[in-house]
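> The following file, data-v3.txt, comprises compact mmCIF, C-alpha atoms:
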```txt
# COMPACT_ATOMS: atom_id res chain seq x y z
CA MET A 28 117.92 107.17 94.03
CA ASP A 29 115.41 108.00 96.67
CA ARG A 30 113.51 95.00 101.60
CA HIS A 31 111.10 86.26 107.15
CA ARG A 32 114.14 86.28 108.74
CA SER A 33 116.10 88.94 110.46
CA ARG A 34 119.42 90.38 109.30
CA SER A 35 122.57 92.18 110.37
CA PRO A 36 124.19 95.41 109.16
CA THR A 37 127.60 93.84 109.46
CA THR A 38 126.98 90.67 107.49
CA SER A 39 126.18 90.09 103.86
CA SER A 40 123.35 87.61 104.50
CA HIS A 41 119.86 89.05 104.84
CA HIS A 42 119.16 87.65 108.26
CA HIS A 43 118.81 89.52 111.55
CA TYR A 44 120.12 93.04 111.07
CA SER A 45 121.48 92.91 114.61
CA PRO A 46 125.23 92.97 115.12
CA ASN A 47 124.53 91.29 118.46
CA ARG A 48 122.53 88.06 118.42
CA ARG A 49 122.13 87.61 122.17
CA GLY A 50 118.64 86.99 123.48
CA GLY A 51 115.39 86.06 121.84
CA ASP A 52 112.88 87.80 119.64
CA ASN A 53 110.54 88.61 122.49
CA ARG A 54 113.18 90.61 124.32
CA ARG A 55 114.06 92.50 121.16
CA ARG A 56 110.43 93.10 120.37
CA ASN A 57 110.05 94.98 123.63
CA HIS A 58 112.88 97.40 122.95
CA CYS A 59 110.48 100.04 121.73
CA ASP A 60 108.64 99.97 125.03
CA GLY A 61 111.46 102.04 126.52
CA ALA A 62 110.79 105.09 124.36
CA GLN A 63 111.59 108.31 126.11
CA PHE A 64 108.16 109.96 126.42
CA ARG A 65 108.21 113.14 128.51
CA PRO A 66 105.51 115.73 129.17
CA SER A 67 106.05 119.20 127.71
CA ASN A 68 104.31 122.54 127.43
CA HIS A 69 103.70 122.04 123.70
CA HIS A 70 99.92 121.70 123.83
CA LEU A 71 97.65 120.15 121.28
CA HIS A 72 96.19 122.46 118.66
CA GLN A 73 92.82 121.84 117.07
CA SER A 74 92.53 123.59 113.70
CA SER A 75 88.75 123.49 113.52
CA SER A 76 86.01 126.03 114.11
CA THR A 77 84.29 123.54 116.43
CA PRO A 78 87.12 121.78 118.27
CA ARG A 79 86.33 118.66 120.21
CA GLN A 80 87.53 118.27 123.77
CA THR A 81 91.09 117.03 123.83
CA PRO A 82 93.15 116.49 126.99
CA PRO A 83 95.53 119.46 127.40
CA ARG A 84 98.50 117.15 127.33
CA SER A 85 101.30 116.55 124.89
CA GLN A 86 104.24 114.21 124.84
CA THR A 87 107.73 114.52 123.48
CA LEU A 88 110.29 112.01 122.26
CA SER A 89 113.98 112.40 122.99
CA THR A 90 116.46 112.35 120.10
CA ARG A 91 119.56 112.07 122.31
CA ARG A 92 121.82 109.39 120.87
CA GLU A 93 122.71 107.77 124.18
CA VAL A 94 119.06 106.87 124.77
CA TYR A 95 119.15 104.53 121.77
CA GLU A 96 122.45 102.76 122.37
CA ARG A 97 121.01 99.33 123.08
CA ASP A 98 120.77 96.04 121.21
CA PHE A 99 119.87 96.23 117.54
CA PRO A 100 116.09 95.78 117.11
CA LEU A 101 114.50 92.95 115.17
CA TYR A 102 114.15 93.98 111.52
CA LYS A 103 112.67 91.40 109.18
CA GLN A 104 114.16 90.95 105.74
CA PRO A 105 112.18 93.27 103.45
CA VAL A 106 110.10 91.51 100.79
CA GLU A 107 109.09 93.16 97.54
CA VAL A 108 105.31 92.89 97.13
CA GLY A 109 105.09 94.98 93.96
CA CYS A 110 106.38 97.91 92.00
CA PHE A 111 105.17 100.82 89.88
CA SER A 112 106.46 103.28 87.32
CA LEU A 113 106.05 107.01 86.74
CA ASP A 114 106.47 108.15 83.14
CA SER A 115 107.85 111.34 81.59
CA GLN A 116 104.65 113.15 82.52
CA ARG A 117 104.57 111.71 86.05
CA ARG A 118 101.68 109.36 85.20
CA PHE A 119 101.30 106.22 87.34
CA PHE A 120 101.61 102.73 85.81
CA ASN A 121 101.24 99.56 87.85
CA ASP A 122 104.24 97.89 86.18
CA SER A 123 108.03 97.97 85.76
CA ARG A 124 108.29 99.85 82.46
CA GLN A 125 110.71 102.38 83.97
CA MET A 126 113.15 99.75 85.24
CA ARG A 127 116.73 100.38 84.15
CA TYR A 128 119.73 98.05 84.04
CA TYR A 129 123.19 98.66 85.44
CA VAL A 130 126.12 98.65 83.02
CA GLU A 131 129.51 98.58 84.72
CA PRO A 132 131.76 101.43 83.57
CA GLU A 133 135.51 101.75 83.37
CA ARG A 134 137.15 102.43 86.73
CA SER A 135 138.12 105.98 85.63
CA PRO A 136 135.38 106.84 83.11
CA SER A 137 135.73 110.67 82.81
CA PHE A 138 131.95 111.18 82.55
CA ASP A 139 131.03 114.83 81.95
CA LEU A 140 128.12 115.42 84.32
CA ARG A 141 127.50 118.92 82.98
CA ASP A 142 126.59 117.65 79.52
CA GLY A 143 122.98 118.43 78.59
CA TYR A 144 122.15 120.59 81.61
CA ARG A 145 121.05 123.57 79.51
CA GLU A 146 119.45 121.83 76.55
CA ARG A 147 118.39 118.26 77.53
CA TYR A 148 116.94 118.55 81.02
CA VAL A 149 113.25 118.23 82.00
CA LYS A 150 112.86 118.87 85.71
CA ARG A 151 109.97 117.67 87.83
CA ASP A 152 107.84 120.49 89.25
CA GLU A 153 108.84 120.67 92.91
CA ASN A 154 105.86 122.90 93.68
CA VAL A 155 103.54 119.91 93.16
CA LYS A 156 103.28 118.04 96.46
CA GLU A 157 102.39 114.44 95.65
CA LYS A 158 102.18 113.32 99.29
CA LEU A 159 101.40 109.57 99.39
CA ASP A 160 99.27 109.57 96.23
CA HIS A 161 101.40 107.18 94.15
CA ILE A 162 101.66 104.61 96.95
CA LEU A 163 97.91 104.88 97.52
CA ARG A 164 97.27 104.28 93.82
CA TRP A 165 99.42 101.16 94.04
CA ILE A 166 97.43 99.92 97.07
CA VAL A 167 94.12 100.45 95.27
CA ALA A 168 95.42 98.74 92.11
CA ASN A 169 96.67 95.76 94.10
CA ARG A 170 93.89 95.14 96.60
CA SER A 171 93.44 91.61 95.28
CA LYS A 172 97.16 90.94 95.74
CA LEU A 173 96.96 92.25 99.28
CA LYS A 174 93.87 90.13 100.06
CA SER A 175 95.98 87.34 101.47
CA LYS A 176 97.37 89.89 103.90
CA LEU A 177 93.97 91.21 104.96
CA THR A 178 92.89 90.59 108.52
CA THR A 179 89.54 89.14 109.51
CA ASN A 180 88.79 92.49 111.15
CA ALA A 181 86.73 94.42 108.59
CA SER A 182 87.66 97.73 110.20
CA CYS A 183 91.31 97.16 109.34
CA PRO A 184 91.47 96.50 105.57
CA LEU A 185 95.26 96.68 105.42
CA ASP A 186 97.33 94.35 107.55
CA PHE A 187 100.00 97.01 108.09
CA ASP A 188 100.62 99.38 110.97
CA PHE A 189 102.30 102.01 108.79
CA VAL A 190 102.23 103.10 105.14
CA THR A 191 104.80 105.65 104.00
CA TRP A 192 107.66 106.51 101.67
CA ARG A 193 111.12 105.05 102.24
CA GLY A 194 112.52 108.59 102.27
CA HIS A 195 110.44 109.50 105.32
CA LEU A 196 111.85 106.52 107.23
CA THR A 197 115.35 107.49 106.09
CA LYS A 198 114.88 110.88 107.75
CA LEU A 199 113.90 109.13 110.98
CA LEU A 200 116.97 106.87 110.90
CA THR A 201 119.33 109.83 110.50
CA THR A 202 117.59 112.14 113.01
CA PRO A 203 119.84 111.40 116.03
CA TYR A 204 122.84 112.60 113.96
CA GLU A 205 121.21 115.44 112.02
CA THR A 206 122.36 118.92 113.08
CA ARG A 207 121.00 121.22 110.35
CA GLU A 208 117.61 120.25 108.93
CA GLY A 209 114.41 119.64 110.87
CA TRP A 210 111.29 117.89 109.61
CA LEU A 211 107.50 117.78 109.77
CA LEU A 212 105.69 114.47 109.42
CA ALA A 213 101.90 114.38 109.12
CA VAL A 214 100.26 111.22 110.47
CA THR A 215 96.68 110.07 109.96
CA ARG A 216 95.15 106.92 111.42
CA PHE A 217 92.62 105.48 108.99
CA ASN A 218 90.94 102.08 109.33
CA GLY A 219 93.59 100.99 111.79
CA THR A 220 96.60 101.89 109.64
CA LEU A 221 98.86 104.90 110.28
CA TYR A 222 99.84 106.84 107.16
CA ILE A 223 102.94 109.07 107.35
CA SER A 224 103.43 111.90 104.85
CA GLU A 225 106.11 114.59 104.97
CA VAL A 226 105.22 118.29 105.07
CA GLU A 227 107.78 120.74 103.69
CA THR A 228 109.19 122.95 106.45
CA GLU A 229 109.43 126.71 106.01
CA ALA A 230 113.22 126.44 106.03
CA ALA A 231 113.20 123.77 103.31
CA CYS A 232 110.80 125.87 101.23
CA ARG A 233 113.09 128.89 101.49
CA GLU A 234 116.10 126.79 100.55
CA ARG A 235 114.31 125.38 97.51
CA GLU A 236 113.09 128.76 96.30
CA ASN A 237 116.49 130.42 96.78
CA ARG A 238 118.71 127.57 95.65
CA PRO A 239 121.94 128.87 94.06
CA GLU A 240 122.49 128.03 90.40
CA ARG A 241 125.53 125.93 91.27
CA ASN A 242 123.40 123.77 93.60
CA LYS A 243 120.73 123.35 90.92
CA GLU A 244 123.34 122.14 88.47
CA MET A 245 124.86 119.76 91.00
CA MET A 246 121.43 118.19 91.53
CA TYR A 247 121.36 117.51 87.78
CA TRP A 248 124.77 115.83 88.03
CA GLY A 249 123.28 112.96 90.05
CA TYR A 250 120.66 112.24 87.41
CA LYS A 251 123.23 112.57 84.63
CA PHE A 252 125.44 110.01 86.33
CA GLU A 253 122.53 107.56 86.25
CA GLN A 254 122.15 108.15 82.52
CA TYR A 255 125.80 107.21 81.95
CA MET A 256 125.40 104.04 84.05
CA CYS A 257 122.01 102.65 83.03
CA ALA A 258 120.50 100.96 79.97
CA ASP A 259 116.82 100.63 79.16
CA SER A 260 117.03 96.88 78.56
CA THR A 261 119.28 93.94 79.41
CA ASN A 262 120.90 93.89 75.97
CA SER A 263 121.30 97.62 75.30
CA THR A 264 123.89 100.21 76.34
CA PRO A 265 123.55 103.56 78.14
CA ASP A 266 122.65 106.55 75.96
CA PRO A 267 124.04 109.75 77.53
CA SER A 268 122.89 111.79 74.50
CA GLY A 269 119.25 111.53 75.57
CA VAL A 270 117.09 113.83 77.69
CA VAL A 271 117.34 113.69 81.48
CA ASN A 272 113.73 113.76 82.71
CA THR A 273 113.33 113.66 86.49
CA ASN A 274 109.61 112.93 86.26
CA GLU A 275 110.47 109.35 85.35
CA ALA A 276 110.86 106.84 88.15
CA PHE A 277 110.73 103.15 88.99
CA CYS A 278 109.60 102.39 92.54
CA THR A 279 109.65 99.22 94.57
CA VAL A 280 106.98 98.48 97.20
CA VAL A 281 108.19 96.42 100.15
CA GLN A 282 106.80 95.00 103.33
CA THR A 283 108.78 94.32 106.46
CA ARG A 284 108.55 94.49 110.24
CA LEU A 285 110.55 96.54 112.77
CA THR A 286 109.95 94.79 116.11
CA ASP A 287 106.13 94.88 116.35
CA HIS A 288 105.61 97.53 113.64
CA LYS A 289 104.36 96.09 110.34
CA LEU A 290 105.51 98.38 107.54
CA LEU A 291 104.52 98.89 103.91
CA PHE A 292 106.62 101.47 102.11
CA SER A 293 107.81 102.44 98.66
CA GLY A 294 111.03 103.95 97.38
CA GLU A 295 112.57 104.85 94.07
CA VAL A 296 115.15 102.40 92.69
CA ASP A 297 117.89 103.57 90.33
CA CYS A 298 118.58 100.29 88.54
CA ARG A 299 119.04 96.55 88.85
CA ASP A 300 121.76 94.04 88.05
CA ARG A 301 121.19 92.83 84.48
CA ASP A 302 122.86 89.47 85.06
CA PRO A 303 120.20 86.77 84.43
CA GLY A 304 121.60 84.94 87.45
CA ALA A 305 121.12 87.88 89.79
CA PRO A 306 118.98 87.27 92.90
CA PRO A 307 115.33 88.40 92.90
CA PRO A 308 114.35 91.90 94.09
CA PRO A 309 115.25 93.68 96.23
CA ALA A 310 118.66 91.96 96.35
CA CYS A 311 119.33 92.71 92.67
CA TYR A 312 118.69 96.46 93.05
CA MET A 313 121.42 99.09 93.18
CA GLU A 314 121.65 102.74 94.22
CA LEU A 315 123.74 105.21 92.21
CA LYS A 316 125.32 108.23 93.89
CA THR A 317 127.78 111.01 93.16
CA SER A 318 130.14 112.65 95.63
CA ALA A 319 133.10 114.99 95.56
CA GLU A 320 136.42 113.21 95.14
CA ILE A 321 138.26 112.61 98.40
CA CYS A 322 141.69 114.22 98.58
CA THR A 323 142.37 114.72 102.31
CA PRO A 324 141.87 112.78 105.57
CA LYS A 325 139.33 115.40 106.70
CA GLN A 326 137.30 114.91 103.52
CA ARG A 327 137.37 111.14 104.03
CA SER A 328 136.21 111.54 107.63
CA ASN A 329 133.33 113.79 106.57
CA PHE A 330 132.39 111.32 103.85
CA HIS A 331 132.21 108.51 106.42
CA ARG A 332 130.29 110.57 108.98
CA PHE A 333 127.72 112.23 106.75
CA LYS A 334 127.41 110.76 103.25
CA LEU A 335 127.71 107.12 104.24
CA LEU A 336 125.09 107.56 106.98
CA LYS A 337 122.47 108.68 104.47
CA TRP A 338 123.52 106.14 101.85
CA TRP A 339 123.37 103.32 104.40
CA ALA A 340 119.97 104.35 105.80
CA GLN A 341 118.40 104.77 102.37
CA SER A 342 119.53 101.37 101.10
CA PHE A 343 119.35 99.33 104.30
CA LEU A 344 115.63 99.97 104.78
CA PRO A 345 114.41 98.32 101.53
CA GLY A 346 117.21 95.74 101.42
CA VAL A 347 119.21 97.21 98.54
CA PRO A 348 122.68 95.65 98.93
CA ARG A 349 124.95 97.95 96.90
CA VAL A 350 125.65 101.61 96.27
CA VAL A 351 127.80 102.54 93.26
CA ALA A 352 129.40 105.94 93.76
CA GLY A 353 130.88 108.21 91.12
CA PHE A 354 133.51 110.51 92.59
CA ARG A 355 133.68 113.80 90.69
CA ASP A 356 136.02 116.76 90.55
CA HIS A 357 134.96 120.40 91.07
CA ASP A 358 134.03 120.76 87.41
CA GLY A 359 131.66 117.80 87.38
CA THR A 360 133.83 115.15 85.76
CA VAL A 361 133.65 111.65 87.24
CA VAL A 362 137.22 110.60 88.01
CA SER A 363 136.55 107.25 89.70
CA VAL A 364 133.77 104.80 90.48
CA GLU A 365 133.57 102.69 93.63
CA THR A 366 131.05 100.12 94.91
CA PHE A 367 130.00 100.07 98.57
CA GLN A 368 128.40 96.97 100.06
CA ILE A 369 125.72 98.14 102.51
CA SER A 370 126.46 95.19 104.79
CA LYS A 371 130.07 96.36 105.18
CA ILE A 372 129.57 100.10 105.72
CA SER A 373 129.47 99.73 109.50
CA GLN A 374 132.96 98.18 109.24
CA VAL A 375 134.17 101.05 107.04
CA ILE A 376 133.22 103.65 109.67
CA LYS A 377 134.16 101.74 112.83
CA ASN A 378 137.49 103.54 113.29
CA GLU A 379 135.94 107.02 113.00
CA TYR A 380 135.87 108.74 116.37
CA ASN A 381 132.35 109.34 117.73
CA CYS A 382 130.78 108.25 114.46
CA TRP A 383 127.17 107.24 113.79
CA LYS A 384 125.89 103.84 114.86
CA PRO A 385 123.32 101.75 112.96
CA THR A 386 121.77 100.56 116.22
CA VAL A 387 121.05 104.15 117.33
CA CYS A 388 119.39 104.90 113.98
CA MET A 389 117.12 101.86 114.03
CA ASN A 390 116.20 102.12 117.70
CA PHE A 391 115.20 105.76 117.31
CA CYS A 392 113.03 104.88 114.30
CA CYS A 393 111.44 102.06 116.27
CA ASP A 394 110.72 104.29 119.26
CA PHE A 395 109.32 107.04 117.04
CA LEU A 396 106.86 104.56 115.50
CA SER A 397 105.87 103.43 119.01
CA PHE A 398 105.43 107.10 119.97
CA VAL A 399 103.17 107.66 116.96
CA LYS A 400 101.09 104.57 117.78
CA ARG A 401 100.67 105.75 121.35
CA GLU A 402 99.68 109.33 120.52
CA ALA A 403 97.86 109.16 117.15
CA THR A 404 94.79 107.37 118.46
CA GLU A 405 91.80 108.93 116.70
CA ASP A 406 90.87 106.92 113.62
CA ASN A 407 89.69 109.64 111.27
CA PRO A 408 91.02 110.57 107.80
CA SER A 409 90.38 114.28 108.46
CA VAL A 410 92.54 114.32 111.60
CA VAL A 411 96.29 114.89 111.26
CA TYR A 412 98.84 114.50 114.02
CA LEU A 413 101.70 116.76 112.95
CA PHE A 414 105.01 115.55 114.39
CA SER A 415 107.70 118.21 114.41
CA TRP A 416 111.42 118.14 115.07
CA GLU A 417 114.27 120.64 115.00
CA PRO A 418 117.93 119.75 115.63
CA HIS A 419 118.97 119.58 119.30
CA ASN A 420 115.34 119.33 120.42
CA ASP A 421 112.80 116.65 121.25
CA VAL A 422 110.09 115.52 118.85
CA THR A 423 106.76 117.23 119.58
CA TYR A 424 103.36 117.12 117.92
CA SER A 425 100.10 119.00 117.46
CA VAL A 426 96.67 117.87 116.29
CA HIS A 427 94.84 119.38 113.31
CA ARG A 428 91.29 118.69 112.18
CA ASP A 429 90.01 119.39 108.64
CA SER A 430 93.16 121.39 107.97
CA ARG A 431 95.60 122.08 105.18
CA TYR A 432 97.69 119.21 106.51
CA SER A 433 95.11 116.55 105.56
CA PHE A 434 96.61 114.34 102.88
CA LEU A 435 94.46 111.23 102.30
CA PRO A 436 92.47 111.92 99.10
CA ASP A 437 88.72 111.31 98.94
CA TRP A 438 89.12 108.78 96.13
CA TYR A 439 91.34 106.64 98.33
CA ILE A 440 89.09 106.89 101.38
CA LYS A 441 86.07 105.80 99.31
CA GLU A 442 87.95 102.96 97.63
CA ILE A 443 89.48 101.55 100.78
CA THR A 444 86.23 101.64 102.74
CA ARG A 445 84.12 99.88 100.12
CA SER A 446 83.68 96.13 100.59
CA PRO A 447 86.40 94.14 98.79
CA GLU A 448 85.10 92.08 95.88
```
Translate the structure of the given file into structure tokens.

Amino acid sequence: MDRHRSRSPTTSSHHHYSPNRRGGDNRRRNHCDGAQFRPSNHHLHQSSSTPRQTPPRSQTLSTRREVYERDFPLYKQPVEVGCFSLDSQRRFFNDSRQMRYYVEPERSPSFDLRDGYRERYVKRDENVKEKLDHILRWIVANRSKLKSKLTTNASCPLDFDFVTWRGHLTKLLTTPYETREGWLLAVTRFNGTLYISEVETEAACRERENRPERNKEMMYWGYKFEQYMCADSTNSTPDPSGVVNTNEAFCTVVQTRLTDHKLLFSGEVDCRDRDPGAPPPPACYMELKTSAEICTPKQRSNFHRFKLLKWWAQSFLPGVPRVVAGFRDHDGTVVSVETFQISKISQVIKNEYNCWKPTVCMNFCCDFLSFVKREATEDNPSVVYLFSWEPHNDVTYSVHRDSRYSFLPDWYIKEITRSPE
């Protein structure tokens, strides 16, 4: 649930994501140079008993939509470089054992999403903060595979500017249109690569700890829908009588480039097309979603403006081409199923007044990454640059040394700094 040529959000081919092909790559590559950096009174904070001298200066990044209404930036077609699985106990496996296969349902299937909530539901412990640990385990397990991507510079073992989760990038894409939820992103520069890991905000923590029962059950509905739609093998059928265990996950690992930012990120994949003739990953992957049935023009408008934005951002980043949505009634029964092609979503929303724009999303993400590169300069795994944003405000940051925000584990630091075999 939670992919080299360039491609467009309005075409089905995975080429340049730009809806406007004017100009060359060099001009597009410089788009991020126009990031809106402005001084502020939000000073740097050193969380150490012996702080080092740091210039009393901070920068901010605008999130105003109009700033980012320019040509679509160069975004290379994402390439899958690996995958991993998490089992029923959240253990890491460097393979695809948790891959599931899409089985097309009837158009009006009447799935009961409430089934099993009380007696067949194992929920992942949300109090355990995994940070980037699973991605880091994949990197360590695949150092030989990544060797061909290593630079000749020994101080930069990974030939990537950024390592992160797909979900963190999704939050960046939707930021210019987000009006309710802020975020905190911890950044550490280590051996030349910037690692980005989300920190739960106080507001998000309160929401999680005080989540109404109805909301908890509706979260289950999304996982239950997947159980109705997915089989464990290419020749089997879905088994909705089984246990829903949210510890289990299959994750893709992709590399791509946004202008001059080389990215390595991972994201969970719901299922893949089981047709033997399907294209290779990530083009064979599919996202599964549930949403309230649409009965009025206002509901359709809200669906276009809010749901489709998040669905588009989440799937566009790794190159997943389709979202299959189950529309449910108030009681949790799926009344219809519809497939959305990611490449056509921008056409679906084009008649909505003052709606979101893919170019604004991608340009903000690009400028944020440039902002991070510019400000997070100290290469030290114990130093965290904490980037903070609240709706209707600029992005700010503070610096923390040997603090509770540190997230790169010792085992990873030791492994990545040892000489490759």
> Enter the distance from atom CA of A:Pro303 to atom CA of A:Cys257, in Å, rounded to one decimal.
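Separation between atom CA of A:Pro303 and atom CA of A:Cys257: 16.0 Å.
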> Residues within 8 Å of stretch 243-247 of chain A, please, as a list of chain:residue names. Count all atoms listed in the file; anything in the same chain fewer than 2 positions from it doesn't count.
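Here the qualifying residues turn out to be A:Leu140, A:Arg141, A:Tyr144, A:Arg238, A:Pro239, A:Glu240, A:Arg241, A:Gly249, A:Tyr250, A:Lys251, A:Gly359.
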> Could you please take those selected residues and save C-alpha atoms as an mmCIF file, keeping the file's coordinate frame?

```cif
data_model
loop_
_atom_site.group_PDB
_atom_site.id
_atom_site.type_symbol
_atom_site.label_atom_id
_atom_site.label_comp_id
_atom_site.auth_asym_id
_atom_site.auth_seq_id
_atom_site.Cartn_x
_atom_site.Cartn_y
_atom_site.Cartn_z
ATOM 1 C CA LEU A 140 128.120 115.420 84.320
ATOM 2 C CA ARG A 141 127.500 118.920 82.980
ATOM 3 C CA TYR A 144 122.150 120.590 81.610
ATOM 4 C CA ARG A 238 118.710 127.570 95.650
ATOM 5 C CA PRO A 239 121.940 128.870 94.060
ATOM 6 C CA GLU A 240 122.490 128.030 90.400
ATOM 7 C CA ARG A 241 125.530 125.930 91.270
ATOM 8 C CA GLY A 249 123.280 112.960 90.050
ATOM 9 C CA TYR A 250 120.660 112.240 87.410
ATOM 10 C CA LYS A 251 123.230 112.570 84.630
ATOM 11 C CA GLY A 359 131.660 117.800 87.380
#
```
> Could you jot down the atom CA of A:Asp139 to atom CA of A:Ser263 separation for me, Å, one decimal place?
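So the two atoms, atom CA of A:Asp139 and atom CA of A:Ser263, lie 20.9 Å apart.
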> List the neighbours of A:Trp248 out to 12 Å using only C-alpha atoms; skip same-chain residues closer than 6 positions along the sequence, and give me the result as an MDAnalysis selection string.
chainID A and resid 138:144 148 241:242 254:255 271 273 315:319 353:361
> Need the shell around A:Phe277: protein/DNA/RNA residues with any atom at most 10 Å away, counting all atoms listed in the file. Skip same-chain ones fewer than 2 positions apart. Format as a list in words?
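Residues near the query, excluding close chain neighbours: Met28, Cys110, Phe111, Ser112, Leu113, Asp114, Phe120, Asp122, Ser123, Arg124, Gln125, Met126, Arg127, Glu275, Thr279, Gly294, Glu295, Val296, Asp297 and Cys298 of chain A.
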> Of the candidates A:Ser397, A:Ser224, A:Thr386, A:Ser260, which shows the shortest atom-to-atom distance to A:Tyr95, using only C-alpha atoms?
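Among the listed residues, A:Thr386 lies closest to A:Tyr95.
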> In Å, rounded to a single decimal, give me how far atom CA of A:Ser415 is from atom CA of A:Trp210.
6.0 Å
> Please work out which residues fall within 12 Å of (124.4, 90.0, 85.9), coordinates as given in the file, with only C-alpha atoms counting, and return them as a list in words.
Tyr128, Tyr129, Val130, Glu131, Thr261, Asn262, Arg299, Asp300, Arg301, Asp302, Pro303, Gly304, Ala305, Pro306, Pro307, Cys311 and Tyr312 of chain A
> Ranking A:Phe398, A:Ser370, A:Thr191, A:Arg216 by minimum distance to A:Asp160 and counting only C-alpha atoms, which one comes first?
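Counting only C-alpha atoms, the residue closest to A:Asp160 is A:Thr191.
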> For a cutoff of 7 Å around the file-coordinate point (107.7, 91.3, 107.6), which residues qualify once you count only C-alpha atoms? I'd like the result as an MDAnalysis selection string.
chainID A and resid 31 103:105 282:284 289
> Which residue gives the smallest distance to A:Arg349 among A:Leu335, A:Lys156, A:Ile369, A:Lys441, with all atoms listed in the file counted?
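Selected residue with least distance to A:Arg349: A:Ile369.
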> Using all atoms listed in the file, which of the listed residues (A:Thr366, A:Gln86, A:Thr215, A:Ser433) sits closest to A:Ala403?
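Checking each candidate against A:Ala403, we get A:Thr215 as the closest.
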> Would you mind telling me which residue in A:Lys158, A:Ala213, A:Ala231, A:Lys334 lies nearest to A:Tyr424 when using only C-alpha atoms?
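Of A:Lys158, A:Ala213, A:Ala231, A:Lys334, the one nearest A:Tyr424 is A:Ala213, counting only C-alpha atoms.
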> Pick the closest to A:Tyr439 from A:Phe217, A:Tyr204, A:Phe99, A:Phe189: which is it, counting only C-alpha atoms?
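Comparing A:Phe217, A:Tyr204, A:Phe99, A:Phe189 against A:Tyr439, the winner is A:Phe217.
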> As a PDB file, in the coordinates of the input, please: stretch 148-159 of chain A completed to N, CA, C and O atoms.

```pdb
ATOM      1  N   TYR A 148     117.288 118.760  79.616  1.00  0.00           N
ATOM      2  CA  TYR A 148     116.940 118.550  81.020  1.00  0.00           C
ATOM      3  C   TYR A 148     115.490 118.948  81.251  1.00  0.00           C
ATOM      4  O   TYR A 148     115.119 120.107  81.083  1.00  0.00           O
ATOM      5  N   VAL A 149     114.651 117.975  81.621  1.00  0.00           N
ATOM      6  CA  VAL A 149     113.250 118.230  82.000  1.00  0.00           C
ATOM      7  C   VAL A 149     113.132 117.945  83.487  1.00  0.00           C
ATOM      8  O   VAL A 149     113.304 116.803  83.929  1.00  0.00           O
ATOM      9  N   LYS A 150     112.845 118.978  84.250  1.00  0.00           N
ATOM     10  CA  LYS A 150     112.860 118.870  85.710  1.00  0.00           C
ATOM     11  C   LYS A 150     111.436 118.752  86.262  1.00  0.00           C
ATOM     12  O   LYS A 150     110.533 119.470  85.844  1.00  0.00           O
ATOM     13  N   ARG A 151     111.276 117.826  87.183  1.00  0.00           N
ATOM     14  CA  ARG A 151     109.970 117.670  87.830  1.00  0.00           C
ATOM     15  C   ARG A 151     109.599 118.934  88.586  1.00  0.00           C
ATOM     16  O   ARG A 151     110.457 119.584  89.205  1.00  0.00           O
ATOM     17  N   ASP A 152     108.324 119.291  88.567  1.00  0.00           N
ATOM     18  CA  ASP A 152     107.840 120.490  89.250  1.00  0.00           C
ATOM     19  C   ASP A 152     107.810 120.255  90.754  1.00  0.00           C
ATOM     20  O   ASP A 152     106.960 119.504  91.266  1.00  0.00           O
ATOM     21  N   GLU A 153     108.746 120.867  91.462  1.00  0.00           N
ATOM     22  CA  GLU A 153     108.840 120.670  92.910  1.00  0.00           C
ATOM     23  C   GLU A 153     107.737 121.372  93.677  1.00  0.00           C
ATOM     24  O   GLU A 153     107.568 121.148  94.880  1.00  0.00           O
ATOM     25  N   ASN A 154     106.977 122.232  93.012  1.00  0.00           N
ATOM     26  CA  ASN A 154     105.860 122.900  93.680  1.00  0.00           C
ATOM     27  C   ASN A 154     104.653 121.974  93.832  1.00  0.00           C
ATOM     28  O   ASN A 154     103.754 122.248  94.628  1.00  0.00           O
ATOM     29  N   VAL A 155     104.623 120.889  93.062  1.00  0.00           N
ATOM     30  CA  VAL A 155     103.540 119.910  93.160  1.00  0.00           C
ATOM     31  C   VAL A 155     103.874 118.935  94.284  1.00  0.00           C
ATOM     32  O   VAL A 155     104.877 118.218  94.220  1.00  0.00           O
ATOM     33  N   LYS A 156     103.062 118.926  95.312  1.00  0.00           N
ATOM     34  CA  LYS A 156     103.280 118.040  96.460  1.00  0.00           C
ATOM     35  C   LYS A 156     102.441 116.771  96.286  1.00  0.00           C
ATOM     36  O   LYS A 156     101.220 116.801  96.407  1.00  0.00           O
ATOM     37  N   GLU A 157     103.100 115.684  95.976  1.00  0.00           N
ATOM     38  CA  GLU A 157     102.390 114.440  95.650  1.00  0.00           C
ATOM     39  C   GLU A 157     101.954 113.657  96.884  1.00  0.00           C
ATOM     40  O   GLU A 157     101.124 112.752  96.787  1.00  0.00           O
ATOM     41  N   LYS A 158     102.532 113.986  98.031  1.00  0.00           N
ATOM     42  CA  LYS A 158     102.180 113.320  99.290  1.00  0.00           C
ATOM     43  C   LYS A 158     102.321 111.802  99.122  1.00  0.00           C
ATOM     44  O   LYS A 158     103.324 111.341  98.597  1.00  0.00           O
ATOM     45  N   LEU A 159     101.308 111.029  99.518  1.00  0.00           N
ATOM     46  CA  LEU A 159     101.400 109.570  99.390  1.00  0.00           C
ATOM     47  C   LEU A 159     100.634 109.049  98.174  1.00  0.00           C
ATOM     48  O   LEU A 159     100.433 107.834  98.025  1.00  0.00           O
TER      49      LEU A 159
END
```
